[in-house]
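Participant: Here you go, one structure.
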Amino acid sequence: MESPNICLVMLGASFENVKHRLEKRIILFSQISNELYLLIDKMPKIQDINKNLTIIDLKIKPYEKNLKKNKYISFIYLFYRYLSTVMKMLYNIFKLSKHTDIFIFITGIPVVFPLMLLARLLGKKVIVMAGGGAYSNYLANNPKKILSANFQLFFERLCFIISNIIVAETKSSARFLKLEIFEKKIFYIGAMLPIDVNKMFIIKTDFYARKKLIGYIGGLTIGKGLLNFIESIPLIIKKYDVNFMICGDGPLTDTVKGYIHQKKLQNKVKIIKWVPYEMIPDYLNELYLLVLPSYSEGLPGIILEAMACGTPVLATPVGGIPDIIKDGETGFLIQNNSPECIAENVIKALNNENLNIIVKNARDLIIKEYSYESVSERYKKIIMSQNPIEID
């Protein structure tokens with residue numbers, strides 16, 4: 001079967017800090033498409049990856065905050081900006097439809113609903129990546145904004161309804177997002193992006209040669225359960241002599257620093273600002289245990305990357321995590337993300353006598369199911385197939 005022309009639609013997010021994901025997607029889809037188009041807002045500078053890529057950068061101007069002083073002018077301006085932005089996006093979808101067979105919407109749900117609708121009306125195949133879910137992620141980081149969250153949920157469900165195919169990472173992640181009613185059009189990909197298990201995410205430091213360092217790597221946000229994690233630190237060090245590393249950036253940066261200073265934990269906790277993606281394997285190879293106590297997830301790349309680097313993972317059983325972390329076999333699961341539960345399970349993991357076996361099982365799983373070759377093959381099946389598939 002001839003390779004189709006594909007358009008990736010990536011809107012509604014900042015891609016500068018995650019441009020490695022963008023690069024991986026371009027490499028993946030350029031190899032399974034005839035011509036690849038990328039509709040994006042504010043394209044970051046990336047390496048020259050391939051020749052069959054055409055980039056359409058919308059370059060949407062940010063909202064002018066000074067207009068908030070007058071709520072009426074602000075409302076009119078916002079409404080005008082919204083309409084003009086949507087019309088600009090729709091125009092580009094219409095233009096691209098002349099050259100594109102398949103539209104794949106990766107980010108921007110539920111904002112991209114009008115674009116998906118137009119693509120369907122133009123007779124194009126529409127694929128939507130469910131990932132962690134816009135509603136779940138929004139509610140995890142904004143627990144008090146119930147009305148806004150339900151608005152997100154409504155349009156997110158509409159996006160799922162009008163799509164031809166929904167790509168979910170695993171069955172657990174699909175259940176977590178309550179996608180059971182769309183069962184007939186769900187394709188399970190395992191991981192949205194592959195892991196470089198040959199050159200980048202490898203074991204550089206033998207596990208038992210590492211110091212007792214417990215770490216968190218990711219965005220410093222409420223949804224990641226970070227506050228719960230730092231509140232577990234005093235409970236852990238009462239019973240176990242370990243150190244901690246928090247690597248990342250986000251809205252909780254000052255809160256985390258303030259808590260560590262208040263509790264006089266400066267000698268036990270090291271805070272590292274967001275680091276370049278190519279340095280992540282070095283930090284993972286320092287860790288004895290990675291903790292990710294999230295409220296909501298799809299299947300976090302940092303978990304797969306840690307497992308590839310021979311670093312045990314302790315995480316909450318949300319999203320697709322229970323499908324890859326089998327407690328005591330490929331990692332550790334915590335019943336909930338309360339500070340007390342995190343502390344209890346960190347100590348339990350540190351005392352586990354089979355850590356070397358867990359490390360090996362975890363890396364073997366990543367090599368088998370989440371390498372570049374494995375994920376690429378599953379994407380090919382999704383693009384070409386008409387029937388839902390599962391991971392073998």
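Residue numbers start at 1 in each chain; chains themselves are named A, B, ... in the order of the structure tokens; ligands are numbered from 1 in the order shown.
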Within 10 Å of Ile189 of chain A, counting only C-alpha atoms, which residues qualify if same-chain residues fewer than 6 places away don't, as JSON, numbers by chain?

Facilitator: {"A": [129, 167, 168, 169, 170, 171, 369, 370, 374, 375, 376, 377, 378, 379, 381, 382, 389, 390, 391]}

Participant: Just C-alpha atoms for this one: save the residues we selected as a PDB file, in the first residue's frame.

Facilitator:
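Final file, part05.pdb:
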ATOM      1  CA  MET A 129      -3.923  11.090  20.348  1.00  0.00           C
ATOM      2  CA  VAL A 167      -4.868   6.369  19.819  1.00  0.00           C
ATOM      3  CA  ALA A 168      -4.437   5.455  23.498  1.00  0.00           C
ATOM      4  CA  GLU A 169      -1.254   4.230  25.084  1.00  0.00           C
ATOM      5  CA  THR A 170      -2.635   1.191  26.922  1.00  0.00           C
ATOM      6  CA  LYS A 171      -5.922  -0.321  28.078  1.00  0.00           C
ATOM      7  CA  GLU A 369       8.137  -3.048  23.547  1.00  0.00           C
ATOM      8  CA  TYR A 370       9.233   0.588  23.535  1.00  0.00           C
ATOM      9  CA  SER A 374       8.697  -1.498  18.059  1.00  0.00           C
ATOM     10  CA  VAL A 375       6.810   1.800  18.340  1.00  0.00           C
ATOM     11  CA  SER A 376       7.421   2.672  14.684  1.00  0.00           C
ATOM     12  CA  GLU A 377       5.965  -0.657  13.558  1.00  0.00           C
ATOM     13  CA  ARG A 378       2.811  -0.108  15.613  1.00  0.00           C
ATOM     14  CA  TYR A 379       2.354   3.377  14.128  1.00  0.00           C
ATOM     15  CA  LYS A 381      -0.191  -0.550  11.507  1.00  0.00           C
ATOM     16  CA  ILE A 382      -2.360   2.264  12.840  1.00  0.00           C
ATOM     17  CA  ILE A 389      -4.949  -3.338  17.133  1.00  0.00           C
ATOM     18  CA  GLU A 390      -3.365  -4.244  20.421  1.00  0.00           C
ATOM     19  CA  ILE A 391       0.197  -4.735  21.530  1.00  0.00           C
TER      20      ILE A 391
END

Participant: So that I can check the secondary structure, give me every residue of segment 130-307 of chain A assigned strand (DSSP E or B) by backbone DSSP, as a PyMOL selection string.

Facilitator: chain A and resi 165-168+186-188+195+213-217+243-247+269-272+289-292

Participant: For segment 290-294 of chain A, find every residue with an atom within 8 Å (counting only C-alpha atoms), except residues of its own chain fewer than 6 positions away, and show them as a ChimeraX atom specification.

Facilitator: /A:214-217,223-226,228-229,284,306,311-316,318,334,336-337,342

Participant: Store the residues of this selection in a file with C-alpha atoms, as a CSV table (one decimal), in the first residue's frame.

Facilitator:
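File result.csv, as written:
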chain,number,residue,atom,x,y,z
A,214,ILE,CA,15.8,9.5,45.5
A,215,GLY,CA,14.6,11.7,42.7
A,216,TYR,CA,11.8,13.4,40.9
A,217,ILE,CA,12.2,14.6,37.3
A,223,GLY,CA,-0.9,17.5,39.1
A,224,LYS,CA,2.4,15.6,39.4
A,225,GLY,CA,1.9,15.2,43.1
A,226,LEU,CA,5.1,17.1,43.8
A,228,ASN,CA,3.0,15.3,48.4
A,229,PHE,CA,6.5,14.1,47.5
A,284,LEU,CA,18.7,9.0,35.8
A,306,ALA,CA,14.2,5.6,33.8
A,311,THR,CA,16.5,3.0,37.5
A,312,PRO,CA,13.6,1.6,39.6
A,313,VAL,CA,10.4,3.6,39.5
A,314,LEU,CA,7.8,4.2,42.2
A,315,ALA,CA,4.6,5.7,40.8
A,316,THR,CA,0.9,6.0,41.3
A,318,VAL,CA,-2.9,6.2,37.1
A,334,ILE,CA,1.8,3.2,45.5
A,336,ASN,CA,-2.2,6.7,46.8
A,337,ASN,CA,0.0,9.7,46.8
A,342,ILE,CA,4.8,7.7,49.5

Participant: Name the closest residue to Tyr138 of chain A among the candidates A:Ile109, A:Leu235, A:Ile26, A:Ile357; distances are taken between atoms, counting only C-alpha atoms.

Facilitator: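 Using only C-alpha atoms, the shortest distance to Tyr138 of chain A belongs to A:Ile109.
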
Participant: Do a neighbour search on Leu39 of chain A at 8 Å with only C-alpha atoms, toss out local chain neighbours closer than 3 positions, and write the hits as a ChimeraX atom specification.

Facilitator: /A:7-11,55-58

Participant: Which of segment 144-298 of chain A end up as alpha helix (DSSP H) when DSSP is run on this backbone - answer as a VMD selection string?

Facilitator: chain A and resid 146 to 162 171 to 176 226 to 237 253 to 262 280 to 284

Participant: Taking C-alpha atoms for each residue, export the selection above as a compact mmCIF listing (two decimals), in the first residue's frame.

Facilitator:
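Written output follows (result.txt):
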# COMPACT_ATOMS: atom_id res chain seq x y z
CA ILE A 146 -14.75 22.53 38.20
CA LEU A 147 -16.79 24.54 35.68
CA SER A 148 -13.80 25.15 33.40
CA ALA A 149 -12.79 21.50 33.71
CA ASN A 150 -16.26 20.32 32.66
CA PHE A 151 -16.11 22.70 29.69
CA GLN A 152 -12.83 21.04 28.72
CA LEU A 153 -14.38 17.62 29.18
CA PHE A 154 -17.37 18.43 26.94
CA PHE A 155 -15.24 19.47 23.97
CA GLU A 156 -12.71 16.72 24.60
CA ARG A 157 -15.51 14.15 24.27
CA LEU A 158 -16.70 15.85 21.08
CA CYS A 159 -13.18 15.48 19.66
CA PHE A 160 -13.24 11.78 20.46
CA ILE A 161 -16.72 11.38 18.95
CA ILE A 162 -15.93 12.92 15.55
CA LYS A 171 -5.92 -0.32 28.08
CA SER A 172 -5.41 1.13 31.55
CA SER A 173 -4.90 4.63 30.17
CA ALA A 174 -8.08 4.24 28.07
CA ARG A 175 -10.06 3.18 31.16
CA PHE A 176 -8.56 6.06 33.15
CA LEU A 226 5.08 17.07 43.81
CA LEU A 227 3.85 18.74 47.01
CA ASN A 228 2.98 15.31 48.40
CA PHE A 229 6.45 14.06 47.52
CA ILE A 230 8.34 16.86 49.26
CA GLU A 231 6.11 16.48 52.33
CA SER A 232 7.12 12.81 52.45
CA ILE A 233 10.83 13.66 52.67
CA PRO A 234 10.94 14.42 56.44
CA LEU A 235 9.07 11.15 57.07
CA ILE A 236 11.57 9.17 54.99
CA ILE A 237 14.76 10.61 56.48
CA THR A 253 9.32 26.21 42.11
CA ASP A 254 9.16 28.86 44.85
CA THR A 255 6.81 26.73 46.98
CA VAL A 256 9.21 23.78 46.86
CA LYS A 257 12.22 25.95 47.72
CA GLY A 258 10.28 27.57 50.57
CA TYR A 259 9.28 24.22 52.07
CA ILE A 260 12.82 22.86 51.90
CA HIS A 261 14.17 26.01 53.59
CA GLN A 262 11.43 25.96 56.24
CA ILE A 280 18.37 13.39 31.38
CA PRO A 281 20.11 9.96 31.04
CA ASP A 282 23.01 11.21 33.18
CA TYR A 283 20.67 12.28 35.97
CA LEU A 284 18.69 9.04 35.75

Participant: Which residue out of A:Met307, A:Ile325, A:Val18, A:Ile6 has the minimum interatomic distance to Gly219 of chain A when only C-alpha atoms are used?

Facilitator: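 With only C-alpha atoms as the atom set, the closest residue is A:Val18.
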
Participant: Could you produce a table of the residues of segment 283-384 of chain A lying within 7 Å of segment 203-208 of chain A, with the nearest pair of atoms per residue and their separation in Å rounded to one decimal, using only C-alpha atoms, ordered by chain and increasing residue number, as a tab-separated table?

Facilitator:
residue	atom	partner	partner_atom	distance
A:Asn285	CA	A:Thr205	CA	5.8
A:Cys309	CA	A:Ile203	CA	4.6
A:Gly310	CA	A:Ile203	CA	5.7

Participant: Please provide the set of residues having any atom within 10 Å of Leu36 of chain A, restricted to only C-alpha atoms, with same-chain residues fewer than 6 positions apart removed, written as a PyMOL selection string.

Facilitator: chain A and resi 4-8+26+29-30+50-55+99-100+102

Participant: Which is closer to Arg210 of chain A than all the others in A:Glu286, A:Glu35, A:Glu278, A:Glu297, using only C-alpha atoms?

Facilitator: A:Glu286

Participant: Neighbouring residues of Asp327 of chain A were defined as those with any atom within 12 Å, considering only C-alpha atoms; residues of the same chain fewer than 2 positions away were excluded. Please report them as a VMD selection string.

Facilitator: chain A and resid 312 to 317 321 to 325 329 to 335 345 348 to 349 352 354 to 355 358 361 to 362

Participant: Please report the interatomic distance between atom CA of Val126 of chain A and atom CA of Phe113 of chain A in Å with one decimal.

Facilitator: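 Computing it gives 11.2 Å between the two atoms.
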
Participant: How many Å separate atom CA of Leu115 of chain A from atom CA of Lys59 of chain A?

Facilitator: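 The value is 16.9 Å.
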